[in-house]
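Structure file final33.cif (mmCIF, C-alpha atoms) follows.
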data_input
loop_
_atom_site.label_atom_id
_atom_site.label_comp_id
_atom_site.auth_asym_id
_atom_site.auth_seq_id
_atom_site.Cartn_x
_atom_site.Cartn_y
_atom_site.Cartn_z
CA MET A 1485 108.44 79.29 119.02
CA PHE A 1486 105.09 78.79 117.28
CA GLY A 1487 105.12 82.44 116.21
CA GLU A 1488 108.50 81.95 114.56
CA LEU A 1489 107.27 78.73 112.93
CA ARG A 1490 104.25 80.52 111.50
CA ARG A 1491 106.55 83.27 110.23
CA MET A 1492 108.87 80.74 108.57
CA VAL A 1493 105.91 79.10 106.83
CA ARG A 1494 104.65 82.49 105.61
CA THR A 1495 108.04 83.69 104.35
CA SER A 1496 108.84 80.32 102.77
CA GLY A 1497 105.50 80.39 100.99
CA ALA A 1498 106.11 83.94 99.82
CA VAL A 1499 109.60 83.05 98.61
CA GLY A 1500 108.33 79.96 96.82
CA GLY A 1501 105.69 82.07 95.13
CA ILE A 1502 108.27 84.67 94.15
CA ALA A 1503 110.49 82.01 92.61
CA ALA A 1504 107.63 80.41 90.67
CA ARG A 1505 106.32 83.74 89.39
CA ILE A 1506 109.77 84.99 88.39
CA ALA A 1507 110.36 81.74 86.50
CA GLY A 1508 106.99 82.17 84.81
CA HIS A 1509 107.85 85.78 84.03
CA LYS A 1510 111.05 84.70 82.30
CA MET A 1511 109.20 82.05 80.29
CA GLY A 1512 106.73 84.66 79.06
CA LEU A 1513 103.82 83.85 81.40
CA ARG A 1514 102.85 87.44 82.20
CA THR A 1515 99.09 87.03 82.55
CA SER A 1516 98.72 88.02 86.19
CA SER A 1517 102.21 89.26 87.10
CA ALA A 1518 100.97 92.69 88.19
CA THR A 1519 98.41 91.08 90.52
CA HIS A 1520 101.03 88.74 91.94
CA ALA A 1521 103.38 91.67 92.49
CA GLY A 1522 100.67 93.49 94.43
CA ASP A 1523 100.10 90.38 96.55
CA LEU A 1524 103.83 90.17 97.22
CA LYS A 1525 103.89 93.77 98.40
CA SER A 1526 101.05 93.03 100.83
CA VAL A 1527 102.81 89.94 102.21
CA LEU A 1528 106.14 91.70 102.71
CA GLY A 1529 104.49 94.78 104.15
CA SER A 1530 102.91 92.72 106.92
CA LEU A 1531 106.26 91.24 107.99
CA LYS A 1532 108.42 93.01 110.56
CA GLY A 1533 111.81 92.19 109.10
CA PRO A 1534 114.36 92.62 106.34
CA LEU A 1535 112.58 90.90 103.46
CA MET A 1536 110.74 94.15 102.91
CA LYS A 1537 113.91 96.25 103.16
CA GLY A 1538 115.81 93.92 100.87
CA ALA A 1539 113.08 94.01 98.26
CA GLN A 1540 112.96 97.80 98.45
CA LEU A 1541 116.71 97.95 97.97
CA LEU A 1542 116.68 95.70 94.90
CA SER A 1543 113.76 97.64 93.44
CA THR A 1544 116.08 100.65 92.96
CA ILE A 1545 118.68 98.73 90.91
CA PRO A 1546 118.01 98.49 87.14
CA GLY A 1547 117.11 94.96 86.10
CA ALA A 1548 117.53 93.42 89.56
CA LEU A 1549 113.87 92.35 89.62
CA PRO A 1550 111.17 92.00 86.95
CA ASP A 1551 109.46 95.32 86.19
CA GLU A 1552 106.13 94.54 87.86
CA TYR A 1553 107.86 93.58 91.12
CA ALA A 1554 110.13 96.62 91.07
CA ALA A 1555 107.21 98.98 90.46
CA GLU A 1556 105.18 97.58 93.36
CA LEU A 1557 108.05 97.23 95.82
CA ALA A 1558 109.29 100.76 95.13
CA GLN A 1559 106.04 101.97 96.76
CA LEU A 1560 106.47 99.86 99.87
CA GLN A 1561 107.19 101.84 103.03
CA ALA A 1562 108.53 100.48 106.28
CA ASN A 1563 105.22 100.56 108.16
CA ALA A 1564 103.59 97.75 110.10
CA PRO A 1565 100.78 97.41 112.69
CA PRO A 1566 102.18 98.20 116.17
CA MET A 1567 102.39 95.71 119.03
CA GLY A 1568 100.01 96.20 121.97
CA TRP A 1569 100.61 97.56 125.46
CA SER A 1570 101.21 94.18 127.12
CA PHE A 1571 104.11 93.60 124.70
CA VAL A 1572 105.49 97.08 125.35
CA ARG A 1573 105.33 96.68 129.12
CA ARG A 1574 107.19 93.35 129.01
CA ARG A 1575 109.84 94.62 126.60
CA MET A 1576 110.47 97.80 128.58
CA ALA A 1577 110.85 95.76 131.78
CA ALA A 1578 113.34 93.49 130.01
CA GLU A 1579 115.44 96.52 128.99
CA LEU A 1580 115.21 98.81 132.05
CA GLY A 1581 114.00 96.56 134.90
CA ARG A 1582 110.65 96.04 136.60
CA ASP A 1583 110.46 99.59 137.90
CA TRP A 1584 111.05 101.07 134.43
CA GLU A 1585 107.93 103.29 134.60
CA ARG A 1586 109.51 105.25 137.48
CA ARG A 1587 112.16 106.43 135.02
CA PHE A 1588 109.47 108.44 133.18
CA ARG A 1589 106.99 111.11 134.24
CA SER A 1590 104.64 109.74 131.57
CA PHE A 1591 104.76 107.10 128.85
CA GLU A 1592 102.11 106.84 126.11
CA HIS A 1593 100.56 103.40 125.70
CA GLU A 1594 99.79 103.81 122.01
CA ALA A 1595 102.68 103.73 119.56
CA ALA A 1596 103.33 106.98 117.69
CA ALA A 1597 104.90 105.06 114.78
CA ALA A 1598 105.66 101.48 113.79
CA ALA A 1599 108.21 100.20 111.27
CA SER A 1600 109.93 97.01 110.18
CA LEU A 1601 112.21 96.45 113.20
CA GLY A 1602 110.52 98.31 116.04
CA GLN A 1603 107.99 100.92 117.17
CA VAL A 1604 108.14 104.36 118.78
CA HIS A 1605 106.33 105.70 121.87
CA ARG A 1606 106.22 109.25 123.19
CA ALA A 1607 107.28 109.80 126.80
CA VAL A 1608 108.32 112.52 129.23
CA LEU A 1609 111.30 112.22 131.60
CA PRO A 1610 111.12 113.35 135.24
CA ASP A 1611 112.92 116.60 134.32
CA GLY A 1612 110.26 117.40 131.69
CA ARG A 1613 112.35 116.47 128.66
CA ARG A 1614 110.10 115.02 125.92
CA VAL A 1615 111.50 111.89 124.36
CA ALA A 1616 110.82 109.23 121.74
CA CYS A 1617 111.30 105.62 122.89
CA LYS A 1618 112.16 103.29 120.00
CA LEU A 1619 111.56 99.71 121.14
CA GLN A 1620 112.76 96.77 119.06
CA TYR A 1621 110.41 93.87 118.39
CA PRO A 1622 111.33 90.60 120.16
CA ASP A 1623 113.71 88.02 118.65
CA MET A 1624 114.65 90.29 115.77
CA GLN A 1625 118.15 88.81 115.41
CA ALA A 1626 116.69 85.37 114.71
CA THR A 1627 114.07 86.93 112.46
CA VAL A 1628 116.69 88.82 110.48
CA ASP A 1629 118.83 85.71 110.04
CA SER A 1630 115.83 83.64 108.96
CA ASP A 1631 114.54 86.26 106.54
CA LEU A 1632 117.96 86.80 105.00
CA ARG A 1633 118.28 83.09 104.28
CA GLN A 1634 114.89 83.14 102.56
CA PHE A 1635 115.73 86.32 100.70
CA ARG A 1636 119.04 84.95 99.43
CA MET A 1637 117.24 81.87 98.19
CA ALA A 1638 114.64 83.91 96.30
CA VAL A 1639 117.25 86.18 94.73
CA GLY A 1640 119.47 83.19 93.95
CA LEU A 1641 116.65 81.51 92.03
CA TYR A 1642 116.08 84.65 90.01
CA TYR A 1643 119.77 85.01 89.13
CA ARG A 1644 119.91 81.45 87.86
CA ILE A 1645 117.51 82.69 85.21
CA ASP A 1646 119.05 86.12 84.64
CA SER A 1647 122.48 87.10 85.97
CA THR A 1648 122.95 90.41 84.17
CA ILE A 1649 123.24 92.26 87.50
CA LYS A 1650 125.31 90.05 89.81
CA GLN A 1651 124.12 90.86 93.33
CA ASP A 1652 126.50 88.80 95.50
CA ASP A 1653 128.16 91.86 97.04
CA VAL A 1654 124.81 93.64 97.31
CA LEU A 1655 123.49 90.84 99.52
CA VAL A 1656 126.63 90.97 101.67
CA GLU A 1657 126.09 94.71 102.10
CA LEU A 1658 122.40 94.26 102.92
CA THR A 1659 123.27 91.66 105.55
CA ALA A 1660 125.86 93.88 107.23
CA ARG A 1661 123.68 96.99 107.31
CA LEU A 1662 120.63 95.12 108.65
CA ARG A 1663 122.71 93.65 111.46
CA GLU A 1664 123.92 97.13 112.32
CA GLU A 1665 120.33 98.38 112.43
CA LEU A 1666 119.55 95.87 115.19
CA ASP A 1667 122.05 97.54 117.53
CA TYR A 1668 120.44 100.64 119.04
CA LEU A 1669 123.65 101.55 120.88
CA ARG A 1670 125.19 101.94 117.43
CA GLU A 1671 122.25 104.07 116.34
CA ALA A 1672 122.75 106.28 119.41
CA ALA A 1673 126.36 106.76 118.28
CA ASN A 1674 125.07 107.66 114.80
CA LEU A 1675 122.83 110.32 116.36
CA ARG A 1676 125.84 111.83 118.11
CA LEU A 1677 127.79 111.67 114.84
CA TYR A 1678 125.10 113.45 112.81
CA ASN A 1679 124.74 116.16 115.45
CA LEU A 1680 128.46 116.84 115.00
CA MET A 1681 128.44 116.67 111.20
CA LEU A 1682 125.39 118.91 110.76
CA ALA A 1683 126.11 121.36 113.57
CA GLU A 1684 126.43 124.24 111.08
CA CYS A 1685 123.28 123.33 109.10
CA SER A 1686 120.58 125.34 110.86
CA ASP A 1687 117.85 123.92 108.63
CA VAL A 1688 118.35 120.33 109.89
CA SER A 1689 117.64 119.05 113.42
CA ILE A 1690 118.88 115.73 114.85
CA PRO A 1691 117.68 114.26 118.17
CA MET A 1692 120.25 113.46 120.85
CA PRO A 1693 120.09 110.11 122.66
CA VAL A 1694 119.43 109.73 126.37
CA GLU A 1695 122.49 107.67 127.23
CA ASP A 1696 121.42 106.12 130.55
CA LEU A 1697 118.09 104.87 129.13
CA THR A 1698 119.43 103.44 125.86
CA THR A 1699 120.27 99.76 125.39
CA ARG A 1700 120.94 97.53 122.39
CA ARG A 1701 117.17 97.10 121.91
CA LEU A 1702 115.80 100.39 123.30
CA LEU A 1703 116.74 103.83 121.99
CA VAL A 1704 115.52 106.85 123.95
CA MET A 1705 116.11 110.20 122.23
CA ASP A 1706 114.73 113.73 122.02
CA TRP A 1707 111.21 114.11 120.66
CA LEU A 1708 111.30 116.62 117.80
CA ASP A 1709 108.03 118.29 116.82
CA GLY A 1710 107.23 118.15 113.15
CA ARG A 1711 104.63 117.24 110.54
CA GLY A 1712 104.78 114.42 108.04
CA VAL A 1713 105.96 115.48 104.59
CA GLN A 1714 102.78 114.34 102.86
CA SER A 1715 100.57 116.20 105.32
CA VAL A 1716 102.56 119.37 104.57
CA LEU A 1717 102.26 118.81 100.82
CA ASP A 1718 98.50 118.36 101.23
CA THR A 1719 98.33 122.03 102.32
CA ASP A 1720 99.80 123.07 98.93
CA PRO A 1721 102.78 125.03 100.32
CA ALA A 1722 104.29 127.94 98.39
CA GLN A 1723 107.28 127.35 96.10
CA GLU A 1724 109.58 129.04 98.62
CA GLN A 1725 108.49 126.58 101.31
CA ARG A 1726 108.92 123.62 98.97
CA ASN A 1727 112.41 124.83 98.15
CA ALA A 1728 113.26 125.24 101.84
CA MET A 1729 112.34 121.61 102.54
CA ALA A 1730 114.36 120.41 99.54
CA ARG A 1731 117.40 122.50 100.49
CA ALA A 1732 117.32 121.09 104.02
CA LEU A 1733 117.02 117.57 102.63
CA PHE A 1734 120.00 118.16 100.33
CA HIS A 1735 122.07 119.35 103.31
CA ALA A 1736 120.94 116.45 105.53
CA TRP A 1737 122.09 113.80 103.07
CA TYR A 1738 124.99 115.30 101.14
CA VAL A 1739 126.90 117.43 103.64
CA PRO A 1740 127.78 114.28 105.65
CA LEU A 1741 128.76 112.42 102.47
CA TYR A 1742 130.99 114.98 100.76
CA ARG A 1743 132.49 116.48 103.92
CA ASN A 1744 132.82 113.32 106.03
CA GLY A 1745 132.26 110.21 103.89
CA VAL A 1746 129.04 109.21 105.67
CA ILE A 1747 125.65 108.56 104.08
CA HIS A 1748 122.16 107.85 105.36
CA GLY A 1749 121.03 104.92 103.24
CA ASP A 1750 117.27 105.09 103.76
CA PRO A 1751 115.89 108.38 102.40
CA HIS A 1752 112.16 107.64 102.40
CA MET A 1753 109.74 110.26 103.71
CA GLY A 1754 108.99 108.36 106.92
CA ASN A 1755 112.50 109.10 108.17
CA PHE A 1756 112.10 112.87 108.51
CA THR A 1757 109.47 115.41 109.51
CA VAL A 1758 108.98 119.07 108.65
CA ARG A 1759 109.61 121.82 111.21
CA SER A 1760 107.43 124.91 111.51
CA ASP A 1761 110.04 126.93 109.55
CA TYR A 1762 110.13 124.24 106.81
CA GLY A 1763 113.47 122.91 107.93
CA LEU A 1764 113.64 119.16 108.62
CA ASN A 1765 113.98 116.78 111.54
CA LEU A 1766 116.10 113.77 110.57
CA LEU A 1767 114.91 110.90 112.75
CA ASP A 1768 116.02 107.38 111.89
CA MET A 1769 119.78 106.70 112.00
CA GLY A 1770 119.86 102.93 111.64
CA ALA A 1771 121.00 102.66 108.00
CA ILE A 1772 124.27 104.61 108.08
CA ARG A 1773 127.23 103.78 105.82
CA ILE A 1774 130.79 105.04 106.31
CA PHE A 1775 132.95 105.25 103.17
CA PRO A 1776 136.70 105.56 102.69
CA ALA A 1777 137.84 108.88 101.26
CA ARG A 1778 138.80 107.23 97.94
CA PHE A 1779 135.16 106.29 97.37
CA VAL A 1780 133.97 109.88 97.75
CA GLN A 1781 136.84 110.97 95.50
CA GLY A 1782 135.47 108.50 92.92
CA ILE A 1783 132.02 110.11 93.03
CA ILE A 1784 133.53 113.53 92.33
CA ASP A 1785 135.88 112.14 89.66
CA LEU A 1786 132.96 110.57 87.79
CA TYR A 1787 131.10 113.88 87.92
CA ARG A 1788 134.14 115.68 86.45
CA ALA A 1789 134.55 112.93 83.85
CA LEU A 1790 130.97 113.32 82.64
CA GLU A 1791 131.41 117.10 82.53
CA THR A 1792 134.45 116.83 80.25
CA ASN A 1793 133.72 113.49 78.49
CA ASP A 1794 136.96 112.09 79.95
CA GLU A 1795 136.64 108.31 79.60
CA ASP A 1796 139.95 107.58 81.33
CA LEU A 1797 138.90 109.53 84.43
CA ALA A 1798 135.48 107.84 84.40
CA TYR A 1799 137.10 104.40 84.25
CA HIS A 1800 139.39 105.35 87.15
CA ALA A 1801 136.33 106.50 89.15
CA TYR A 1802 134.54 103.18 88.70
CA GLN A 1803 137.68 101.35 89.78
CA ALA A 1804 137.83 103.53 92.91
CA TRP A 1805 134.27 102.42 93.66
CA GLY A 1806 135.21 98.76 93.35
CA PHE A 1807 134.00 97.87 89.85
CA THR A 1808 136.60 95.32 88.71
CA ASP A 1809 137.14 93.47 85.41
CA MET A 1810 134.88 95.95 83.65
CA SER A 1811 135.15 96.65 79.93
CA ARG A 1812 135.07 100.14 78.47
CA GLU A 1813 131.85 99.15 76.70
CA THR A 1814 130.21 98.28 80.02
CA MET A 1815 131.49 101.56 81.46
CA ARG A 1816 129.77 103.52 78.68
CA VAL A 1817 126.49 101.81 79.52
CA LEU A 1818 126.91 102.65 83.22
CA ASN A 1819 127.67 106.24 82.25
CA GLU A 1820 124.17 106.54 80.83
CA TRP A 1821 122.78 105.78 84.28
CA ALA A 1822 125.31 108.13 85.87
CA ARG A 1823 124.27 110.98 83.54
CA PHE A 1824 120.65 110.42 84.55
CA ILE A 1825 121.61 110.70 88.24
CA TYR A 1826 124.05 113.62 87.83
CA GLU A 1827 122.06 115.67 85.28
CA PRO A 1828 120.49 118.21 87.73
CA LEU A 1829 123.96 118.82 89.24
CA MET A 1830 125.51 119.71 85.87
CA GLN A 1831 123.32 122.63 84.80
CA ASP A 1832 124.00 126.02 86.37
CA ARG A 1833 120.40 127.24 86.60
CA VAL A 1834 117.28 126.93 88.71
CA ARG A 1835 115.34 123.84 87.64
CA ALA A 1836 113.22 120.95 88.85
CA ILE A 1837 115.09 117.76 89.72
CA GLN A 1838 113.54 116.17 86.60
CA GLU A 1839 112.27 118.24 83.70
CA ASN A 1840 110.88 115.37 81.68
CA ASP A 1841 107.12 115.18 82.31
CA ASP A 1842 107.02 111.39 81.94
CA PRO A 1843 106.73 109.85 85.44
CA GLN A 1844 108.19 106.62 84.01
CA TYR A 1845 111.24 108.36 82.56
CA GLY A 1846 113.61 106.96 85.18
CA ARG A 1847 112.27 103.46 84.62
CA VAL A 1848 112.78 103.84 80.85
CA VAL A 1849 116.41 104.87 81.39
CA ALA A 1850 116.90 101.96 83.80
CA GLU A 1851 115.51 99.48 81.28
CA ARG A 1852 117.78 100.84 78.56
CA VAL A 1853 120.80 100.56 80.87
CA TYR A 1854 119.82 97.03 81.86
CA ALA A 1855 119.51 95.99 78.21
CA GLY A 1856 122.94 97.50 77.51
CA LEU A 1857 124.53 95.69 80.44
CA LYS A 1858 123.01 92.41 79.32
CA GLN A 1859 124.46 92.91 75.86
CA THR A 1860 127.94 93.69 77.21
CA GLY A 1861 128.09 90.69 79.56
CA GLY A 1862 126.62 92.05 82.79
CA VAL A 1863 128.18 93.75 85.80
CA ARG A 1864 128.81 93.05 89.47
CA PRO A 1865 128.03 96.18 91.55
CA PRO A 1866 130.43 96.57 94.50
CA ARG A 1867 128.83 96.62 97.93
CA GLU A 1868 129.91 100.21 98.62
CA PHE A 1869 127.99 101.42 95.57
CA VAL A 1870 124.60 100.15 96.74
CA LEU A 1871 123.49 102.72 99.33
CA VAL A 1872 124.80 105.70 97.34
CA ASP A 1873 122.76 104.65 94.32
CA ARG A 1874 119.72 103.95 96.47
CA SER A 1875 120.00 107.32 98.23
CA ALA A 1876 120.34 109.23 94.95
CA ILE A 1877 117.22 107.57 93.54
CA GLY A 1878 115.26 107.88 96.77
CA LEU A 1879 116.15 111.54 97.24
CA GLY A 1880 115.32 112.29 93.62
CA SER A 1881 111.84 110.88 94.09
CA VAL A 1882 111.31 112.97 97.24
CA PHE A 1883 112.55 116.13 95.47
CA LEU A 1884 110.02 115.36 92.74
CA ARG A 1885 107.23 115.00 95.30
CA LEU A 1886 108.22 118.30 96.89
CA GLY A 1887 108.06 120.08 93.52
CA ALA A 1888 111.31 121.85 94.37
CA LYS A 1889 113.09 124.18 91.96
CA LEU A 1890 116.66 124.99 92.97
CA ASN A 1891 120.07 125.55 91.48
CA TRP A 1892 121.29 122.03 92.27
CA TYR A 1893 124.58 122.78 90.50
CA ARG A 1894 125.44 125.59 92.93
CA LEU A 1895 124.47 123.50 95.97
CA PHE A 1896 126.75 120.70 94.78
CA GLN A 1897 129.63 122.97 93.86
CA GLU A 1898 129.57 124.49 97.37
CA LEU A 1899 130.08 121.02 98.81
CA ILE A 1900 132.94 119.87 96.58
CA ALA A 1901 134.79 123.17 96.00
CA ASP A 1902 137.49 122.49 98.59
CA PHE A 1903 137.37 118.68 98.56
CA ASP A 1904 140.56 117.02 99.76
CA ALA A 1905 140.56 113.26 100.31
CA ALA A 1906 143.29 113.33 102.96
CA LYS A 1907 141.50 116.03 104.95
CA LEU A 1908 138.21 114.11 104.71
CA ALA A 1909 139.89 110.97 106.06
CA ALA A 1910 141.36 112.88 109.02
CA ARG A 1911 138.08 114.67 109.73
CA GLN A 1912 136.15 111.40 109.55
CA ALA A 1913 138.49 109.66 112.01
CA ASP A 1914 138.17 112.53 114.48
CA LEU A 1915 134.36 112.56 114.26
CA MET A 1916 134.13 108.79 114.74
CA ARG A 1917 136.25 109.10 117.86
CA GLN A 1918 134.20 111.98 119.28
CA ALA A 1919 130.87 110.25 118.60
CA ARG A 1920 132.18 106.86 119.79
CA VAL A 1921 131.00 105.08 116.63
CA PRO A 1922 131.89 101.37 116.66
CA ALA A 1923 133.65 99.73 113.73
CA PRO A 1924 131.30 98.75 110.89
CA VAL A 1925 129.95 95.22 110.51
CA GLU A 1926 131.58 93.61 107.50
CA GLY A 1927 128.87 91.13 106.59
#

For this file, produce the structure as structure tokens.
Amino acid sequence: MFGELRRMVRTSGAVGGIAARIAGHKMGLRTSSATHAGDLKSVLGSLKGPLMKGAQLLSTIPGALPDEYAAELAQLQANAPPMGWSFVRRRMAAELGRDWERRFRSFEHEAAAAASLGQVHRAVLPDGRRVACKLQYPDMQATVDSDLRQFRMAVGLYYRIDSTIKQDDVLVELTARLREELDYLREAANLRLYNLMLAECSDVSIPMPVEDLTTRRLLVMDWLDGRGVQSVLDTDPAQEQRNAMARALFHAWYVPLYRNGVIHGDPHMGNFTVRSDYGLNLLDMGAIRIFPARFVQGIIDLYRALETNDEDLAYHAYQAWGFTDMSRETMRVLNEWARFIYEPLMQDRVRAIQENDDPQYGRVVAERVYAGLKQTGGVRPPREFVLVDRSAIGLGSVFLRLGAKLNWYRLFQELIADFDAAKLAARQADLMRQARVPAPVEG
């Protein structure tokens, strides 16, 4: 109880500080905003909960936060100091019973990784199978609910000052996806689903869950050997190896989306490791979003509309995504952002994901789009749009870090060449049934 009280005091203080600094920012008091933003990143990074994830999400949306906050929070990764062995022992006993250690040949006391909602330990089963045990921190449901209330309050205060980007549906989406992430039985189903969807992609590996050792708060799955992306980049790999990692990453994210209407909404580098052949292990399946076929059709329609400068088709695509009551003028502003995202997919040649040498180029485009939206009366992004936009931006930044040079156009065309919305819907339903994926949380 006292731990939760301390947490509430810390988050309330952080939220109060955010509100005050944002208000100061809007009134022109910019003296120490960069320092305050750095402090905010430190506070959120030390919390094991959704404030950090929510701030990361908003940092990818143009104009959703002041520039200094967005720049700092975009760097924030879901890492936190791990809990000690006494905590692990108690939590494992709560999930598997007092004799839980007999279920393993060995179980490492030190965590191999720690993130915002839980931590991972290596273990070996009696049959010699190496596994990763992902153990959720205690009382995370209450923590999530508390943090979301604080987060809504902070965002609400900001939007009283500036409502150009109306985030009501974004917050509903964030709430639903975070609640799904707390259910490790759902994540086990997502692992089964991704194994089915990527069965033909030899450059991507997905762990399988151990069904009889997995609970709502404990996920036991295959341990996949691999190196962290940054540690691989530190060895200065050859261009061919960089391209292999990027190609695998493209397959891991976009084959599920364009073939099955499913996207992984958290594409930061901590969620995959590099195999010895420079393929990838895709590890964390908590933030998964399932889309209706019409939404995927809208993505392709917008691409075709930008190719041919067809404004009617573009407007139809935004409507399919859920943008309502939107003027043509607002649509033209949004198209500038869409062209920035789609550009590498529209040129039939080998190229880097971004050819502009300015590392702030994306931020400049975002600011220009934000200014245009403000001038045209603002926009309300639909909830389904959020994770697609976040994934595109996140993947683009990883492709940049990899230094990959590929024909992105050809990769994309291979995916959409035989697209059929009705067939996608039927395929999706069959895969959900096979993988036993529960119905999505609606918020």

Considering all atoms listed in the file, state which residue in the set A:Met1567, A:Val1849, A:Leu1662, A:Leu1908 is at the smallest distance from Pro1924 of chain A.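 Looking at the shortest contact to Pro1924 of chain A, the residue is A:Leu1662.
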
Mind checking which residues fall within 8 Å of Arg1700 of chain A, counting all atoms listed in the file, ignoring those fewer than 6 positions away in the same chain, and posting them as an MDAnalysis selection string? chainID A and resid 1666:1670

If I put a ball of radius 10 Å at (136.6, 111.0, 88.9) in the file's coordinates, which residues poke into it when counting all atoms listed in the file, written as a PDB file with C-alpha atoms, in the frame of the given file?
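Result saved to out.pdb:
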ATOM      1  CA  PHE A1779     135.160 106.290  97.370  1.00  0.00           C
ATOM      2  CA  VAL A1780     133.970 109.880  97.750  1.00  0.00           C
ATOM      3  CA  GLN A1781     136.840 110.970  95.500  1.00  0.00           C
ATOM      4  CA  GLY A1782     135.470 108.500  92.920  1.00  0.00           C
ATOM      5  CA  ILE A1783     132.020 110.110  93.030  1.00  0.00           C
ATOM      6  CA  ILE A1784     133.530 113.530  92.330  1.00  0.00           C
ATOM      7  CA  ASP A1785     135.880 112.140  89.660  1.00  0.00           C
ATOM      8  CA  LEU A1786     132.960 110.570  87.790  1.00  0.00           C
ATOM      9  CA  TYR A1787     131.100 113.880  87.920  1.00  0.00           C
ATOM     10  CA  ARG A1788     134.140 115.680  86.450  1.00  0.00           C
ATOM     11  CA  ALA A1789     134.550 112.930  83.850  1.00  0.00           C
ATOM     12  CA  LEU A1790     130.970 113.320  82.640  1.00  0.00           C
ATOM     13  CA  ASP A1794     136.960 112.090  79.950  1.00  0.00           C
ATOM     14  CA  GLU A1795     136.640 108.310  79.600  1.00  0.00           C
ATOM     15  CA  ASP A1796     139.950 107.580  81.330  1.00  0.00           C
ATOM     16  CA  LEU A1797     138.900 109.530  84.430  1.00  0.00           C
ATOM     17  CA  ALA A1798     135.480 107.840  84.400  1.00  0.00           C
ATOM     18  CA  TYR A1799     137.100 104.400  84.250  1.00  0.00           C
ATOM     19  CA  HIS A1800     139.390 105.350  87.150  1.00  0.00           C
ATOM     20  CA  ALA A1801     136.330 106.500  89.150  1.00  0.00           C
ATOM     21  CA  TYR A1802     134.540 103.180  88.700  1.00  0.00           C
ATOM     22  CA  GLN A1803     137.680 101.350  89.780  1.00  0.00           C
ATOM     23  CA  ALA A1804     137.830 103.530  92.910  1.00  0.00           C
TER      24      ALA A1804
END

Do you know which residues are at most 7 Å from segment 1685-1698 of chain A counting only C-alpha atoms, after dropping those on the same chain fewer than 6 positions away, and could you put them as a tab-separated table (two decimals) with C-alpha atoms, keeping the file's coordinate frame?
chain	number	residue	atom	x	y	z
A	1669	LEU	CA	123.65	101.55	120.88
A	1672	ALA	CA	122.75	106.28	119.41
A	1675	LEU	CA	122.83	110.32	116.36
A	1676	ARG	CA	125.84	111.83	118.11
A	1678	TYR	CA	125.10	113.45	112.81
A	1679	ASN	CA	124.74	116.16	115.45
A	1704	VAL	CA	115.52	106.85	123.95
A	1705	MET	CA	116.11	110.20	122.23
A	1706	ASP	CA	114.73	113.73	122.02
A	1707	TRP	CA	111.21	114.11	120.66
A	1708	LEU	CA	111.30	116.62	117.80
A	1732	ALA	CA	117.32	121.09	104.02
A	1736	ALA	CA	120.94	116.45	105.53
A	1763	GLY	CA	113.47	122.91	107.93
A	1764	LEU	CA	113.64	119.16	108.62
A	1765	ASN	CA	113.98	116.78	111.54
A	1766	LEU	CA	116.10	113.77	110.57
A	1767	LEU	CA	114.91	110.90	112.75

Pick out the residues sitting within 7 Å of Val1834 of chain A, and hand them over as a VMD selection string; count only C-alpha atoms, and ignore anything fewer than 4 positions along from it in its own chain. chain A and resid 1889 to 1891

Atomic distance atom CA of Ala1730 of chain A - atom CA of Glu1657 of chain A, expressed in Å with one decimal: 28.4 Å

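Every protein or nucleic acid residue with an atom no more than 12 Å from Ala1596 of chain A, counting only C-alpha atoms and leaving out same-chain residues fewer than 6 positions away, appears here: A:Asn1563, A:Ala1564, A:Pro1565, A:Pro1566, A:Met1567, A:Gly1602, A:Gln1603, A:Val1604, A:His1605, A:Arg1606, A:Ala1607, A:Val1615, A:Ala1616, A:Cys1617, A:Lys1618, A:Leu1619, A:Trp1707.
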
Please produce a file of those selected residues containing C-alpha atoms, as a PDB file, in the frame of the given file.
ATOM      1  CA  ASN A1563     105.220 100.560 108.160  1.00  0.00           C
ATOM      2  CA  ALA A1564     103.590  97.750 110.100  1.00  0.00           C
ATOM      3  CA  PRO A1565     100.780  97.410 112.690  1.00  0.00           C
ATOM      4  CA  PRO A1566     102.180  98.200 116.170  1.00  0.00           C
ATOM      5  CA  MET A1567     102.390  95.710 119.030  1.00  0.00           C
ATOM      6  CA  GLY A1602     110.520  98.310 116.040  1.00  0.00           C
ATOM      7  CA  GLN A1603     107.990 100.920 117.170  1.00  0.00           C
ATOM      8  CA  VAL A1604     108.140 104.360 118.780  1.00  0.00           C
ATOM      9  CA  HIS A1605     106.330 105.700 121.870  1.00  0.00           C
ATOM     10  CA  ARG A1606     106.220 109.250 123.190  1.00  0.00           C
ATOM     11  CA  ALA A1607     107.280 109.800 126.800  1.00  0.00           C
ATOM     12  CA  VAL A1615     111.500 111.890 124.360  1.00  0.00           C
ATOM     13  CA  ALA A1616     110.820 109.230 121.740  1.00  0.00           C
ATOM     14  CA  CYS A1617     111.300 105.620 122.890  1.00  0.00           C
ATOM     15  CA  LYS A1618     112.160 103.290 120.000  1.00  0.00           C
ATOM     16  CA  LEU A1619     111.560  99.710 121.140  1.00  0.00           C
ATOM     17  CA  TRP A1707     111.210 114.110 120.660  1.00  0.00           C
TER      18      TRP A1707
END

Run the PyMOL selection byres ((chain A and resi 1773) around 7) on the file and write out the hits as a list of chain:residue names.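 Against this file, the PyMOL selection byres ((chain A and resi 1773) around 7) returns the residues A:Val1746, A:Ile1747, A:His1748, A:Gly1749, A:Ala1771, A:Ile1772, A:Ile1774, A:Phe1775.
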
The distance between atom CA of Thr1792 of chain A and atom CA of Val1872 of chain A is 22.6 Å

Please evaluate the PyMOL selection byres ((chain A and resi 1654) around 8) against the displayed coordinates and give the resulting residues as a PyMOL selection string. chain A and resi 1651-1653+1655-1658+1865-1867+1870
